[in-house]
Amino acid sequence: MELWCKKTRDAATNGGDPAIAGGLQSVCWGSASIGALISAYFSGSLLETMSPREVFGIASFLPLIVAGMSLLIEEEPVQKKKNSELIVTNGSNGVTDNAESPLSEDSIDTDDAISGIQEQISSLWGALRQPNIYKPIFFIFLWQATPTSEGAMLYFMTNDIGFGPEFLGRVRLVTAASSLLGVLLYNQYLRQVAIKDVLLWTSIISVPLGLTQLLLISHYNRELGIPDGAFVFGDDVALAILGELAFLPTLVLAARLCPPGVEAVLFATLMSIYNGASTVGTEIGAALTKVLGVTESDFSNLALLTIICNVSSLLPLVFIGWLDGVGDETQEEMEANQINRTD
């Protein structure tokens, strides 16, 4: 993520191609969707033929591959870069490059490390105090922190309908493929739409789509001649595409907001807030599930829980004005404006 933010920021400030922001985020999350696609393909089938211990063993090996690949990334340390710049500057002033410093190298490194941390904290706090940064962050937090009924629905699909791990793995496979399709659709059609409008309309459209789960809960889909499995596939495909269309513009906006020098810190902070909001939404959903008395065997109030969770997703739209300014431009307009500034 640090490399992605840095490349995006360099493109926006050093005269590079501003379109790299959209391209990089599409490649990044498109790759993530492909990985999820492969994982979903094998997850359900492996559980049918292997023990959970063996599946966890395979899953634990994959992060080791990622760690090994990180060793191939070329990145110059900040301290080394500063020393190189200092040598060049001294050389231009007639100072000998090999002149020894009166301070020990260890003390310089310690002081630089402490000052570097202080500078990072100060820069991060300065960035978060800007209205064009903290207002979108607050909106995204509220938007992501709405309650969800996913846990209760999982119990319903396994205990009431009787879906097994292989079928759920296939659902994940289709969902991952739909997310990849969402990336393609965003790049093809929604780059010309303002980020605020994308978030507004995806939130509105998600409500009726989410309420279609009431058909499955009441088993009314069977009266319509739609099998349970086919209904779940169709519902998850639509929601996965819509979720990806809503998620991608927030990444472009987050990368553009990251000031130079704190790209990784600020972006990690933004993603931590995003993930923390998701956890808050899950916990609120769990509390509602308990209050309504929905259990692994009692789904009498599951319909009410689904209605509350879906309708509550409209509440953050009251604060959609917090995206005024930063969210009014489309991605293509951002790129065109940056090209005009660098010409």
# chains A, B, ... in the order shown; residues from 1 in each chain; ligands from 1
$ select_by_dssp --residues "segment 212-264 of chain A" --states "helix (DSSP H, G or I)" --output "PyMOL selection string"
chain A and resi 213-217+220-223+228-257+263-264
$ atom_distance --atom1 "atom CA of Ser179 of chain A" --atom2 "atom CA of Glu244 of chain A"
5.7 Å
$ residues_around --residues "Ala59 of chain A" --least-positions-apart "5" --cutoff "10 Å" --atoms "only C-alpha atoms" --output "list of chain:residue names"
A:Ser39, A:Ser43, A:Arg53, A:Glu54, A:Leu64
$ write_last_selection --atoms "C-alpha atoms" --output "mmCIF file, in the first residue's frame"
data_model
loop_
_atom_site.group_PDB
_atom_site.id
_atom_site.type_symbol
_atom_site.label_atom_id
_atom_site.label_comp_id
_atom_site.auth_asym_id
_atom_site.auth_seq_id
_atom_site.Cartn_x
_atom_site.Cartn_y
_atom_site.Cartn_z
ATOM 1 C CA SER A 39 -9.231 -18.987 -2.810
ATOM 2 C CA SER A 43 -11.967 -23.445 -0.145
ATOM 3 C CA ARG A 53 -6.178 -28.685 10.140
ATOM 4 C CA GLU A 54 -4.798 -29.469 6.677
ATOM 5 C CA LEU A 64 5.232 -16.876 3.850
#
$ atom_distance --atom1 "atom CA of Thr282 of chain A" --atom2 "atom CA of Pro147 of chain A"
5.9 Å
$ residues_around --residues "Asp160 of chain A" --least-positions-apart "5" --cutoff "9 Å" --atoms "only C-alpha atoms" --output "number ranges by chain"
A: 155, 296-297, 299
